>>> print(open('input07.cif').read())   # mmCIF, C-alpha atoms
data_model
#
loop_
_atom_site.label_atom_id
_atom_site.label_comp_id
_atom_site.auth_asym_id
_atom_site.auth_seq_id
_atom_site.Cartn_x
_atom_site.Cartn_y
_atom_site.Cartn_z
CA MET Q 1 -33.43 -84.15 -67.60
CA SER Q 2 -33.23 -87.43 -65.73
CA ASP Q 3 -36.75 -88.04 -64.43
CA GLU Q 4 -37.73 -91.09 -66.48
CA ALA Q 5 -41.42 -91.05 -65.56
CA TYR Q 6 -41.73 -87.40 -66.60
CA ILE Q 7 -39.98 -88.00 -69.95
CA ALA Q 8 -42.05 -91.12 -70.60
CA LEU Q 9 -45.26 -89.19 -69.90
CA VAL Q 10 -44.20 -86.41 -72.29
CA ILE Q 11 -43.42 -89.00 -75.00
CA LEU Q 12 -46.80 -90.66 -74.44
CA ALA Q 13 -48.65 -87.35 -74.74
CA MET Q 14 -46.68 -86.23 -77.81
CA GLY Q 15 -47.42 -89.53 -79.56
CA VAL Q 16 -51.14 -89.24 -78.87
CA VAL Q 17 -51.25 -85.61 -80.09
CA THR Q 18 -49.22 -86.37 -83.24
CA PHE Q 19 -51.36 -89.39 -84.14
CA GLY Q 20 -54.50 -87.36 -83.46
CA ILE Q 21 -53.37 -84.66 -85.91
CA ARG Q 22 -52.45 -87.15 -88.60
CA ALA Q 23 -55.79 -88.97 -88.17
CA THR Q 24 -57.95 -85.82 -88.17
CA PRO Q 25 -58.50 -85.54 -91.96
CA PHE Q 26 -59.55 -89.20 -92.15
CA LEU Q 27 -62.13 -88.72 -89.41
CA THR Q 28 -63.32 -85.19 -90.15
CA GLY Q 29 -62.46 -84.53 -93.81
CA ARG Q 30 -65.77 -82.73 -94.37
CA TRP Q 31 -65.47 -80.53 -91.27
CA LEU Q 32 -61.98 -79.49 -92.39
CA GLN Q 33 -63.18 -78.58 -95.85
CA LYS Q 34 -65.78 -76.31 -94.25
CA HIS Q 35 -63.12 -74.66 -92.07
CA PRO Q 36 -60.32 -73.64 -94.41
CA GLN Q 37 -58.85 -71.38 -91.73
CA VAL Q 38 -57.44 -74.48 -89.97
CA THR Q 39 -55.59 -75.41 -93.15
CA ARG Q 40 -54.35 -71.84 -93.55
CA LEU Q 41 -53.05 -71.85 -89.96
CA GLY Q 42 -51.31 -75.13 -90.70
CA ARG Q 43 -49.52 -73.40 -93.57
CA PHE Q 44 -48.71 -70.20 -91.63
CA LEU Q 45 -47.43 -71.54 -88.31
CA PRO Q 46 -44.52 -73.90 -89.14
CA LEU Q 47 -42.28 -71.05 -90.38
CA SER Q 48 -43.05 -69.00 -87.25
CA ILE Q 49 -42.37 -71.97 -84.97
CA MET Q 50 -39.06 -72.85 -86.61
CA VAL Q 51 -37.90 -69.23 -86.31
CA LEU Q 52 -38.89 -69.20 -82.62
CA LEU Q 53 -37.14 -72.52 -81.94
CA THR Q 54 -33.98 -71.22 -83.65
CA LEU Q 55 -34.00 -67.98 -81.65
CA HIS Q 56 -34.73 -69.75 -78.40
CA SER Q 57 -32.13 -72.48 -78.76
CA VAL Q 58 -29.42 -70.08 -79.95
CA LEU Q 59 -29.97 -67.76 -76.97
CA ASP Q 60 -30.06 -70.80 -74.68
CA ILE Q 61 -26.66 -71.98 -75.91
CA SER Q 62 -25.16 -68.50 -75.79
CA GLY Q 63 -26.47 -67.96 -72.25
CA SER Q 64 -24.79 -71.16 -71.08
CA TRP Q 65 -21.43 -69.59 -72.11
CA ASP Q 66 -20.41 -65.99 -71.72
CA GLY Q 67 -23.49 -64.51 -73.37
CA ARG Q 68 -21.51 -62.98 -76.22
CA LEU Q 69 -23.46 -63.76 -79.35
CA TRP Q 70 -20.92 -63.44 -82.18
CA PRO Q 71 -19.85 -67.12 -82.44
CA GLU Q 72 -23.51 -68.17 -82.60
CA ILE Q 73 -24.39 -65.53 -85.20
CA LEU Q 74 -21.39 -66.45 -87.34
CA ALA Q 75 -22.12 -70.20 -87.23
CA LEU Q 76 -25.83 -69.60 -87.79
CA GLY Q 77 -25.01 -67.47 -90.84
CA VAL Q 78 -22.94 -70.32 -92.30
CA VAL Q 79 -25.77 -72.82 -91.76
CA ILE Q 80 -28.36 -70.56 -93.42
CA ALA Q 81 -26.09 -69.65 -96.35
CA MET Q 82 -25.11 -73.31 -96.95
CA GLN Q 83 -28.71 -74.48 -96.81
CA TRP Q 84 -29.77 -71.66 -99.13
CA TRP Q 85 -27.17 -72.52 -101.81
CA GLN Q 86 -26.60 -76.26 -101.46
CA ARG Q 87 -29.84 -77.51 -99.89
CA LYS Q 88 -28.02 -80.38 -98.17
CA ALA Q 89 -29.29 -80.42 -94.59
CA LEU Q 90 -26.55 -82.65 -93.17
CA LEU Q 91 -23.80 -80.62 -94.84
CA SER Q 92 -25.23 -77.34 -93.48
CA ILE Q 93 -25.62 -78.76 -89.96
CA GLY Q 94 -22.18 -80.40 -90.04
CA LEU Q 95 -20.27 -77.32 -91.26
CA GLY Q 96 -22.10 -74.91 -88.93
CA THR Q 97 -21.56 -77.13 -85.89
CA ALA Q 98 -17.90 -77.73 -86.76
CA LEU Q 99 -17.30 -73.98 -87.08
CA TYR Q 100 -19.06 -73.38 -83.77
CA LEU Q 101 -16.95 -76.04 -82.02
CA LEU Q 102 -13.79 -74.38 -83.35
CA LEU Q 103 -14.89 -70.91 -82.26
CA ARG Q 104 -15.97 -72.05 -78.81
CA ASN Q 105 -13.09 -74.33 -78.02
CA GLY Q 106 -10.62 -71.70 -79.23
CA ILE Q 107 -8.65 -73.80 -81.65
CA MET Z 1 -34.28 -93.60 -110.31
CA SER Z 2 -35.25 -96.45 -112.62
CA VAL Z 3 -38.41 -98.14 -111.51
CA SER Z 4 -39.43 -101.59 -112.71
CA LEU Z 5 -42.56 -101.64 -114.89
CA THR Z 6 -43.68 -105.13 -113.94
CA THR Z 7 -46.94 -105.62 -112.07
CA ALA Z 8 -44.88 -105.99 -108.90
CA GLY Z 9 -44.28 -102.24 -109.02
CA PRO Z 10 -41.38 -100.41 -107.43
CA SER Z 11 -39.66 -102.09 -104.50
CA PRO Z 12 -40.49 -100.30 -101.21
CA LEU Z 13 -36.91 -100.81 -100.03
CA LEU Z 14 -35.56 -99.06 -103.13
CA LEU Z 15 -38.06 -96.21 -102.76
CA SER Z 16 -37.02 -95.70 -99.14
CA VAL Z 17 -33.31 -95.21 -99.96
CA PRO Z 18 -33.53 -91.40 -100.36
CA VAL Z 19 -35.45 -91.22 -97.08
CA ALA Z 20 -32.82 -93.40 -95.37
CA VAL Z 21 -30.06 -91.00 -96.44
CA GLY Z 22 -31.78 -88.28 -94.42
CA TYR Z 23 -33.37 -90.32 -91.63
CA VAL Z 24 -30.42 -92.40 -90.39
CA PRO Z 25 -28.01 -89.49 -89.74
CA LEU Z 26 -30.73 -87.12 -88.49
CA GLY Z 27 -32.14 -89.84 -86.24
CA ALA Z 28 -28.60 -90.35 -84.94
CA VAL Z 29 -28.25 -86.62 -84.21
CA PHE Z 30 -31.55 -86.74 -82.30
CA GLY Z 31 -30.54 -89.82 -80.28
CA PHE Z 32 -27.13 -88.35 -79.53
CA LEU Z 33 -28.42 -84.95 -78.35
CA PHE Z 34 -31.25 -86.55 -76.34
CA VAL Z 35 -28.78 -88.70 -74.41
CA GLN Z 36 -26.24 -85.89 -74.03
CA ALA Z 37 -28.98 -83.70 -72.54
CA GLY Z 38 -29.38 -86.35 -69.83
CA GLY Z 39 -32.19 -88.52 -71.20
CA PRO Z 40 -31.93 -92.34 -70.99
CA TRP Z 41 -31.04 -94.05 -74.30
CA TRP Z 42 -34.08 -96.30 -74.30
CA LEU Z 43 -36.46 -93.36 -74.07
CA ALA Z 44 -34.78 -91.78 -77.12
CA ILE Z 45 -35.60 -94.97 -79.03
CA ALA Z 46 -39.10 -95.13 -77.50
CA SER Z 47 -39.86 -91.62 -78.72
CA SER Z 48 -38.80 -92.51 -82.28
CA ILE Z 49 -41.10 -95.54 -82.16
CA TRP Z 50 -44.09 -93.90 -80.48
CA VAL Z 51 -43.97 -90.20 -81.48
CA TYR Z 52 -42.14 -90.44 -84.83
CA ALA Z 53 -42.17 -86.75 -85.78
CA GLY Z 54 -38.76 -85.23 -86.48
CA ALA Z 55 -39.18 -81.55 -85.68
CA SER Z 56 -41.20 -82.05 -82.50
CA GLN Z 57 -38.82 -84.74 -81.25
CA PHE Z 58 -35.94 -82.27 -81.59
CA MET Z 59 -38.09 -79.60 -79.95
CA MET Z 60 -38.72 -81.81 -76.94
CA ILE Z 61 -35.03 -81.78 -75.95
CA PRO Z 62 -34.84 -78.10 -74.86
CA MET Z 63 -38.38 -78.34 -73.48
CA LEU Z 64 -37.57 -81.37 -71.32
CA SER Z 65 -34.37 -79.69 -70.15
CA ALA Z 66 -36.40 -76.62 -69.16
CA GLY Z 67 -38.81 -78.90 -67.28
CA LEU Z 68 -41.96 -77.63 -69.03
CA SER Z 69 -45.23 -79.28 -68.04
CA VAL Z 70 -46.57 -82.25 -70.02
CA GLY Z 71 -49.55 -80.12 -71.13
CA SER Z 72 -47.34 -77.30 -72.46
CA ILE Z 73 -45.19 -79.72 -74.46
CA ALA Z 74 -48.31 -81.45 -75.83
CA LEU Z 75 -49.69 -78.06 -76.91
CA ALA Z 76 -46.41 -77.10 -78.60
CA THR Z 77 -46.45 -80.48 -80.40
CA LEU Z 78 -49.97 -79.71 -81.62
CA VAL Z 79 -48.87 -76.37 -83.03
CA VAL Z 80 -45.67 -77.68 -84.66
CA ASN Z 81 -47.46 -80.64 -86.29
CA LEU Z 82 -50.61 -78.81 -87.35
CA ARG Z 83 -49.42 -78.89 -90.96
CA HIS Z 84 -49.94 -82.66 -90.96
CA VAL Z 85 -53.68 -82.08 -90.79
CA PHE Z 86 -53.90 -81.59 -94.52
CA TYR Z 87 -51.48 -84.35 -95.53
CA GLY Z 88 -54.22 -86.91 -95.05
CA LEU Z 89 -56.64 -85.06 -97.29
CA SER Z 90 -54.67 -86.01 -100.40
CA LEU Z 91 -54.26 -89.65 -99.34
CA LEU Z 92 -57.86 -90.45 -98.37
CA HIS Z 93 -58.21 -92.97 -101.23
CA ALA Z 94 -54.78 -94.61 -100.83
CA LEU Z 95 -55.27 -96.30 -97.46
CA PRO Z 96 -55.47 -100.07 -96.98
CA GLN Z 97 -58.68 -101.68 -95.73
CA HIS Z 98 -57.14 -103.67 -92.91
CA PRO Z 99 -57.68 -101.60 -89.74
CA ILE Z 100 -54.20 -102.11 -88.26
CA ALA Z 101 -52.41 -101.40 -91.54
CA ARG Z 102 -54.73 -98.41 -92.02
CA ALA Z 103 -54.02 -96.97 -88.58
CA TYR Z 104 -50.29 -97.57 -89.00
CA MET Z 105 -50.14 -95.72 -92.29
CA VAL Z 106 -51.95 -92.74 -90.78
CA PHE Z 107 -49.51 -92.85 -87.84
CA GLY Z 108 -46.48 -92.93 -90.16
CA LEU Z 109 -47.39 -89.86 -92.26
CA THR Z 110 -44.22 -87.82 -91.70
CA ASP Z 111 -43.18 -85.07 -94.14
CA GLU Z 112 -40.82 -87.42 -95.97
CA THR Z 113 -43.17 -90.42 -96.13
CA TYR Z 114 -45.97 -88.16 -97.28
CA SER Z 115 -43.89 -86.72 -100.10
CA VAL Z 116 -42.78 -90.17 -101.28
CA LEU Z 117 -46.32 -91.61 -101.03
CA THR Z 118 -47.84 -88.78 -103.06
CA THR Z 119 -45.35 -89.23 -105.90
CA LEU Z 120 -45.85 -93.00 -106.29
CA PRO Z 121 -47.40 -94.26 -109.53
CA PRO Z 122 -51.14 -94.95 -109.11
CA GLU Z 123 -50.74 -98.71 -109.75
CA THR Z 124 -48.66 -99.08 -106.56
CA SER Z 125 -50.40 -101.58 -104.30
CA THR Z 126 -51.52 -100.59 -100.81
CA ALA Z 127 -49.30 -103.36 -99.39
CA GLN Z 128 -46.28 -101.65 -100.95
CA ARG Z 129 -47.36 -98.30 -99.50
CA VAL Z 130 -47.61 -99.83 -96.02
CA TRP Z 131 -44.18 -101.47 -96.38
CA LEU Z 132 -42.66 -98.22 -97.51
CA THR Z 133 -44.12 -96.42 -94.49
CA LEU Z 134 -42.77 -99.11 -92.15
CA ILE Z 135 -39.28 -99.22 -93.71
CA ASN Z 136 -39.00 -95.41 -93.46
CA GLN Z 137 -39.74 -95.57 -89.74
CA LEU Z 138 -37.22 -98.40 -89.31
CA TRP Z 139 -34.52 -96.09 -90.75
CA TRP Z 140 -35.49 -93.36 -88.27
CA VAL Z 141 -35.50 -95.75 -85.29
CA SER Z 142 -32.16 -97.32 -86.32
CA GLY Z 143 -30.57 -93.88 -86.63
CA THR Z 144 -31.89 -92.92 -83.20
CA ALA Z 145 -30.52 -96.12 -81.66
CA ILE Z 146 -27.07 -95.54 -83.19
CA GLY Z 147 -26.98 -91.94 -81.96
CA ALA Z 148 -28.28 -92.79 -78.49
CA LEU Z 149 -25.72 -95.57 -78.02
CA LEU Z 150 -22.89 -93.33 -79.26
CA GLY Z 151 -24.11 -90.55 -76.97
CA SER Z 152 -24.13 -92.78 -73.91
CA GLN Z 153 -20.63 -94.08 -74.74
CA ALA Z 154 -19.12 -90.61 -75.20
CA GLN Z 155 -17.10 -89.91 -72.07
CA THR Z 156 -15.96 -86.36 -72.67
CA GLN Z 157 -18.74 -83.98 -73.55
CA LEU Z 158 -17.55 -81.79 -76.40
CA ALA Z 159 -18.56 -78.24 -75.51
CA GLY Z 160 -20.88 -76.63 -78.02
CA LEU Z 161 -22.01 -79.80 -79.78
CA ASP Z 162 -25.61 -78.89 -78.97
CA PHE Z 163 -25.28 -76.22 -81.65
CA ALA Z 164 -26.35 -79.03 -84.02
CA LEU Z 165 -29.87 -78.49 -82.69
CA VAL Z 166 -29.77 -74.77 -83.55
CA ALA Z 167 -28.41 -75.67 -86.99
CA LEU Z 168 -31.23 -78.15 -87.57
CA PHE Z 169 -33.88 -75.58 -86.68
CA ALA Z 170 -32.17 -73.03 -88.98
CA VAL Z 171 -32.24 -75.56 -91.84
CA LEU Z 172 -35.97 -76.05 -91.24
CA VAL Z 173 -36.43 -72.25 -91.28
CA VAL Z 174 -34.78 -72.06 -94.71
CA GLU Z 175 -36.92 -74.90 -96.05
CA GLN Z 176 -40.13 -73.44 -94.60
CA TRP Z 177 -39.13 -70.08 -96.08
CA ARG Z 178 -38.82 -71.70 -99.51
CA ALA Z 179 -42.31 -73.15 -99.18
CA ARG Z 180 -43.87 -69.97 -97.80
CA SER Z 181 -46.88 -68.30 -99.37
CA SER Z 182 -46.14 -65.04 -97.50
CA PRO Z 183 -43.24 -63.63 -95.42
CA LYS Z 184 -45.63 -62.77 -92.56
CA PRO Z 185 -44.86 -65.86 -90.39
CA LEU Z 186 -41.23 -64.73 -90.19
CA TRP Z 187 -42.09 -61.16 -89.10
CA VAL Z 188 -44.64 -62.43 -86.59
CA ALA Z 189 -42.05 -64.70 -84.96
CA LEU Z 190 -39.31 -62.06 -84.97
CA ALA Z 191 -41.68 -59.65 -83.21
CA ALA Z 192 -43.19 -62.22 -80.82
CA TYR Z 193 -39.96 -63.53 -79.33
CA PRO Z 194 -38.54 -60.24 -77.94
CA VAL Z 195 -41.98 -59.34 -76.54
CA ALA Z 196 -42.27 -62.74 -74.84
CA TRP Z 197 -38.70 -62.50 -73.57
CA LEU Z 198 -39.34 -59.08 -72.00
CA VAL Z 199 -42.56 -60.26 -70.35
CA ALA Z 200 -41.41 -63.67 -69.08
CA PRO Z 201 -37.83 -64.72 -69.96
CA GLN Z 202 -38.29 -68.15 -68.35
CA GLN Z 203 -41.36 -68.94 -70.48
CA ALA Z 204 -40.27 -67.04 -73.61
CA LEU Z 205 -40.61 -70.00 -75.99
CA LEU Z 206 -44.10 -70.99 -74.95
CA LEU Z 207 -45.37 -67.41 -74.70
CA SER Z 208 -43.94 -66.47 -78.10
CA ILE Z 209 -45.60 -69.54 -79.66
CA ALA Z 210 -48.91 -68.47 -78.11
CA LEU Z 211 -48.43 -64.88 -79.36
CA SER Z 212 -47.67 -66.16 -82.88
CA VAL Z 213 -50.77 -68.37 -82.93
CA GLY Z 214 -52.85 -65.37 -81.81
CA ALA Z 215 -51.30 -63.13 -84.46
CA ALA Z 216 -51.80 -65.80 -87.15
CA ILE Z 217 -55.50 -66.11 -86.29
CA MET Z 218 -55.90 -62.32 -86.28
CA LEU Z 219 -54.07 -61.82 -89.61
CA ASP Z 220 -56.11 -64.63 -91.16
CA TRP Z 221 -59.34 -63.06 -89.93
CA ILE Z 222 -58.36 -59.64 -91.29
CA SER Z 223 -57.51 -60.97 -94.74
CA HIS Z 224 -60.44 -63.37 -95.14
CA GLU Z 225 -63.43 -62.05 -93.22
CA ARG Z 226 -63.89 -58.86 -95.22
#
>>> encode(input="input07.cif", output="structure tokens")
Amino acid sequence: MSDEAYIALVILAMGVVTFGIRATPFLTGRWLQKHPQVTRLGRFLPLSIMVLLTLHSVLDISGSWDGRLWPEILALGVVIAMQWWQRKALLSIGLGTALYLLLRNGI
Amino acid sequence: MSVSLTTAGPSPLLLSVPVAVGYVPLGAVFGFLFVQAGGPWWLAIASSIWVYAGASQFMMIPMLSAGLSVGSIALATLVVNLRHVFYGLSLLHALPQHPIARAYMVFGLTDETYSVLTTLPPETSTAQRVWLTLINQLWWVSGTAIGALLGSQAQTQLAGLDFALVALFAVLVVEQWRARSSPKPLWVALAAYPVAWLVAPQQALLLSIALSVGAAIMLDWISHER
């Protein structure tokens, strides 16, 4: 990840897409109201995507080590449990990452 | 929070404090991980200025590392941010007249800004809404800058620190789960990923996103067309 032109192009494209999505209801409010399935997809997909990103990134990290999954599963369990009970994103991320660092660096 | 009842209305800076508490540290985590993954610090800041969408900015880190094409990443951004399509619907009346201010407020409609804007008292002026939107983004950009500079200073790379990214996605899963109207999106994703991984392990993320979109369209059609 060091090709600056490639990264800059990705950022440019992502900005255009994001702005386009946010502007859509202001430009095509009536079209959207006639196509409620777009709105329903917008409600359905984020949960799927976040699950996929979690799975993908956790396997990615595990694969860059020895491939044994237990430290990842343990740390992930802590994050999910903390977020479920306390609902403090930074606390959940901080505790889970700290536990993972301990497990991985064998302290 | 006590809000002044004068005609001046609530101060945008005061209203942005709860957003700052989340945006500065999370922006810092983004900047840090972006730089640690090998990206230049100034592009981390550029993405917080130009893209300004938390979840997809975090998503871009593994995607850039995997060297996915610009088109694939743009498509994934579309899918992740699709929920923003209906944010605007409830704010149609609240936009300023000035074209630049108007465009900027549309640009700045993140989850957090949206939720603050929709809970403002109706007498809030459009100027205050624009300021609030701008101040929120300034928190996000400042956080990113802090994280990016820290990340480029860090000499020894602490092994396993990128777990923060996994943790962030897991937090978003829990929050999306809370807001769900059905558990189906979870089952769809849990089924799609292994299938995608078996078919094309190198492209598992993109393929599983495509499978989930297909399944979502199919499930929607089944439950609404009959």
>>> residues_near_point(input="input07.cif", point="(-24.0, -66.1, -90.1)", cutoff="12 Å", atoms="all atoms listed in the file", output="list of chain:residue names")
Q:Leu69, Q:Trp70, Q:Pro71, Q:Glu72, Q:Ile73, Q:Leu74, Q:Ala75, Q:Leu76, Q:Gly77, Q:Val78, Q:Val79, Q:Ile80, Q:Ala81, Q:Met82, Q:Gln83, Q:Ser92, Q:Leu95, Q:Gly96, Q:Leu99, Q:Tyr100, Z:Ala167, Z:Ala170
>>> residues_near_point(input="input07.cif", point="(-54.4, -80.2, -81.3)", cutoff="12 Å", atoms="all atoms listed in the file", output="VMD selection string")
(chain Q and resid 13 to 24 38 42) or (chain Z and resid 71 to 85)
>>> closest_residue(input="input07.cif", among="Q:Leu27, Q:Leu32, Q:Ile93, Q:Ala98", to="chain Z", atoms="all atoms listed in the file")
Q:Ile93
>>> resolve_selection(input="input07.cif", expression="the PyMOL selection byres ((chain Z) within 7 of (chain Q))", output="NGL selection string")
:Z and (37-39 or 43 or 47 or 50-51 or 64-65 or 70 or 74 or 77-78 or 80-86 or 88-89 or 92 or 106-107 or 109 or 160-161 or 163-164 or 166-174 or 176-177 or 185-186 or 188-189 or 193 or 205 or 209 or 212 or 216)
>>> atom_distance(input="input07.cif", atom1="CA of Met60 in chain Z", atom2="CA of Gln153 in chain Z")
22.0 Å
>>> atom_distance(input="input07.cif", atom1="CA of Thr144 in chain Z", atom2="CA of Val24 in chain Z")
7.4 Å
>>> atom_distance(input="input07.cif", atom1="CA of Ala53 in chain Z", atom2="CA of His35 in chain Q")
25.0 Å
>>> closest_residue(input="input07.cif", among="Z:Pro10, Z:Pro96, Z:Ala66, Z:Ala55", to="Thr110 in chain Z", atoms="only C-alpha atoms")
Z:Ala55
>>> resolve_selection(input="input07.cif", expression="the PyMOL selection byres ((chain Z and resi 34) around 9)", output="list in words")
Val29, Phe30, Gly31, Phe32, Leu33, Val35, Gln36, Ala37, Gly38, Gly39, Pro40, Trp41, Leu43, Ala44, Phe58, Met60, Ile61, Gly147, Ala148 and Gly151 of chain Z
>>> closest_residue(input="input07.cif", among="Z:Thr113, Z:Gln203, Z:Thr118, Z:Thr126", to="Tyr52 in chain Z", atoms="all atoms listed in the file")
Z:Thr113
>>> axis_aligned_box(input="input07.cif", around="range 93-100 of chain Q", padding_each_side="3 Å", output="lines of an AutoDock Vina configuration file")
center_x = -21.5
center_y = -76.9
center_z = -87.5
size_x = 14.3
size_y = 13.0
size_z = 13.5
>>> closest_residue(input="input07.cif", among="Z:Gln137, Z:Gln57, Z:Thr119, Z:Ser48", to="Met105 in chain Z", atoms="all atoms listed in the file")
Z:Gln137
>>> closest_residue(input="input07.cif", among="Z:Trp187, Z:Tyr23, Z:Trp131, Z:Trp197", to="Glu112 in chain Z", atoms="all atoms listed in the file")
Z:Tyr23
>>> build_atoms(input="input07.cif", residues="range 73-86 of chain Q", atoms="N, CA, C and O atoms", output="PDB file, in the frame of the given file")
ATOM      1  N   ILE Q  73     -23.901 -66.203 -83.996  1.00  0.00           N
ATOM      2  CA  ILE Q  73     -24.390 -65.530 -85.200  1.00  0.00           C
ATOM      3  C   ILE Q  73     -23.584 -65.951 -86.423  1.00  0.00           C
ATOM      4  O   ILE Q  73     -24.130 -66.225 -87.487  1.00  0.00           O
ATOM      5  N   LEU Q  74     -22.267 -66.049 -86.240  1.00  0.00           N
ATOM      6  CA  LEU Q  74     -21.390 -66.450 -87.340  1.00  0.00           C
ATOM      7  C   LEU Q  74     -21.733 -67.870 -87.824  1.00  0.00           C
ATOM      8  O   LEU Q  74     -21.918 -68.118 -89.027  1.00  0.00           O
ATOM      9  N   ALA Q  75     -21.841 -68.805 -86.873  1.00  0.00           N
ATOM     10  CA  ALA Q  75     -22.120 -70.200 -87.230  1.00  0.00           C
ATOM     11  C   ALA Q  75     -23.515 -70.327 -87.829  1.00  0.00           C
ATOM     12  O   ALA Q  75     -23.728 -71.069 -88.796  1.00  0.00           O
ATOM     13  N   LEU Q  76     -24.467 -69.576 -87.282  1.00  0.00           N
ATOM     14  CA  LEU Q  76     -25.830 -69.600 -87.790  1.00  0.00           C
ATOM     15  C   LEU Q  76     -25.869 -69.081 -89.227  1.00  0.00           C
ATOM     16  O   LEU Q  76     -26.572 -69.631 -90.079  1.00  0.00           O
ATOM     17  N   GLY Q  77     -25.074 -68.026 -89.496  1.00  0.00           N
ATOM     18  CA  GLY Q  77     -25.010 -67.470 -90.840  1.00  0.00           C
ATOM     19  C   GLY Q  77     -24.494 -68.501 -91.838  1.00  0.00           C
ATOM     20  O   GLY Q  77     -25.021 -68.620 -92.951  1.00  0.00           O
ATOM     21  N   VAL Q  78     -23.489 -69.283 -91.426  1.00  0.00           N
ATOM     22  CA  VAL Q  78     -22.940 -70.320 -92.300  1.00  0.00           C
ATOM     23  C   VAL Q  78     -24.003 -71.376 -92.604  1.00  0.00           C
ATOM     24  O   VAL Q  78     -24.181 -71.797 -93.746  1.00  0.00           O
ATOM     25  N   VAL Q  79     -24.732 -71.794 -91.570  1.00  0.00           N
ATOM     26  CA  VAL Q  79     -25.770 -72.820 -91.760  1.00  0.00           C
ATOM     27  C   VAL Q  79     -26.815 -72.325 -92.765  1.00  0.00           C
ATOM     28  O   VAL Q  79     -27.171 -73.027 -93.719  1.00  0.00           O
ATOM     29  N   ILE Q  80     -27.288 -71.096 -92.566  1.00  0.00           N
ATOM     30  CA  ILE Q  80     -28.360 -70.560 -93.420  1.00  0.00           C
ATOM     31  C   ILE Q  80     -27.857 -70.388 -94.864  1.00  0.00           C
ATOM     32  O   ILE Q  80     -28.531 -70.786 -95.813  1.00  0.00           O
ATOM     33  N   ALA Q  81     -26.637 -69.849 -95.005  1.00  0.00           N
ATOM     34  CA  ALA Q  81     -26.090 -69.650 -96.350  1.00  0.00           C
ATOM     35  C   ALA Q  81     -25.888 -70.993 -97.056  1.00  0.00           C
ATOM     36  O   ALA Q  81     -26.258 -71.163 -98.222  1.00  0.00           O
ATOM     37  N   MET Q  82     -25.345 -71.986 -96.346  1.00  0.00           N
ATOM     38  CA  MET Q  82     -25.110 -73.310 -96.950  1.00  0.00           C
ATOM     39  C   MET Q  82     -26.424 -73.948 -97.368  1.00  0.00           C
ATOM     40  O   MET Q  82     -26.534 -74.534 -98.446  1.00  0.00           O
ATOM     41  N   GLN Q  83     -27.429 -73.849 -96.513  1.00  0.00           N
ATOM     42  CA  GLN Q  83     -28.710 -74.480 -96.810  1.00  0.00           C
ATOM     43  C   GLN Q  83     -29.371 -73.765 -97.990  1.00  0.00           C
ATOM     44  O   GLN Q  83     -30.027 -74.378 -98.814  1.00  0.00           O
ATOM     45  N   TRP Q  84     -29.164 -72.442 -98.051  1.00  0.00           N
ATOM     46  CA  TRP Q  84     -29.770 -71.660 -99.130  1.00  0.00           C
ATOM     47  C   TRP Q  84     -29.179 -72.061-100.475  1.00  0.00           C
ATOM     48  O   TRP Q  84     -29.884 -72.220-101.455  1.00  0.00           O
ATOM     49  N   TRP Q  85     -27.831 -72.232-100.544  1.00  0.00           N
ATOM     50  CA  TRP Q  85     -27.170 -72.520-101.810  1.00  0.00           C
ATOM     51  C   TRP Q  85     -27.168 -74.011-102.142  1.00  0.00           C
ATOM     52  O   TRP Q  85     -27.430 -74.396-103.265  1.00  0.00           O
ATOM     53  N   GLN Q  86     -26.831 -74.852-101.153  1.00  0.00           N
ATOM     54  CA  GLN Q  86     -26.600 -76.260-101.460  1.00  0.00           C
ATOM     55  C   GLN Q  86     -27.802 -77.153-101.167  1.00  0.00           C
ATOM     56  O   GLN Q  86     -27.946 -78.204-101.757  1.00  0.00           O
TER      57      GLN Q  86
END
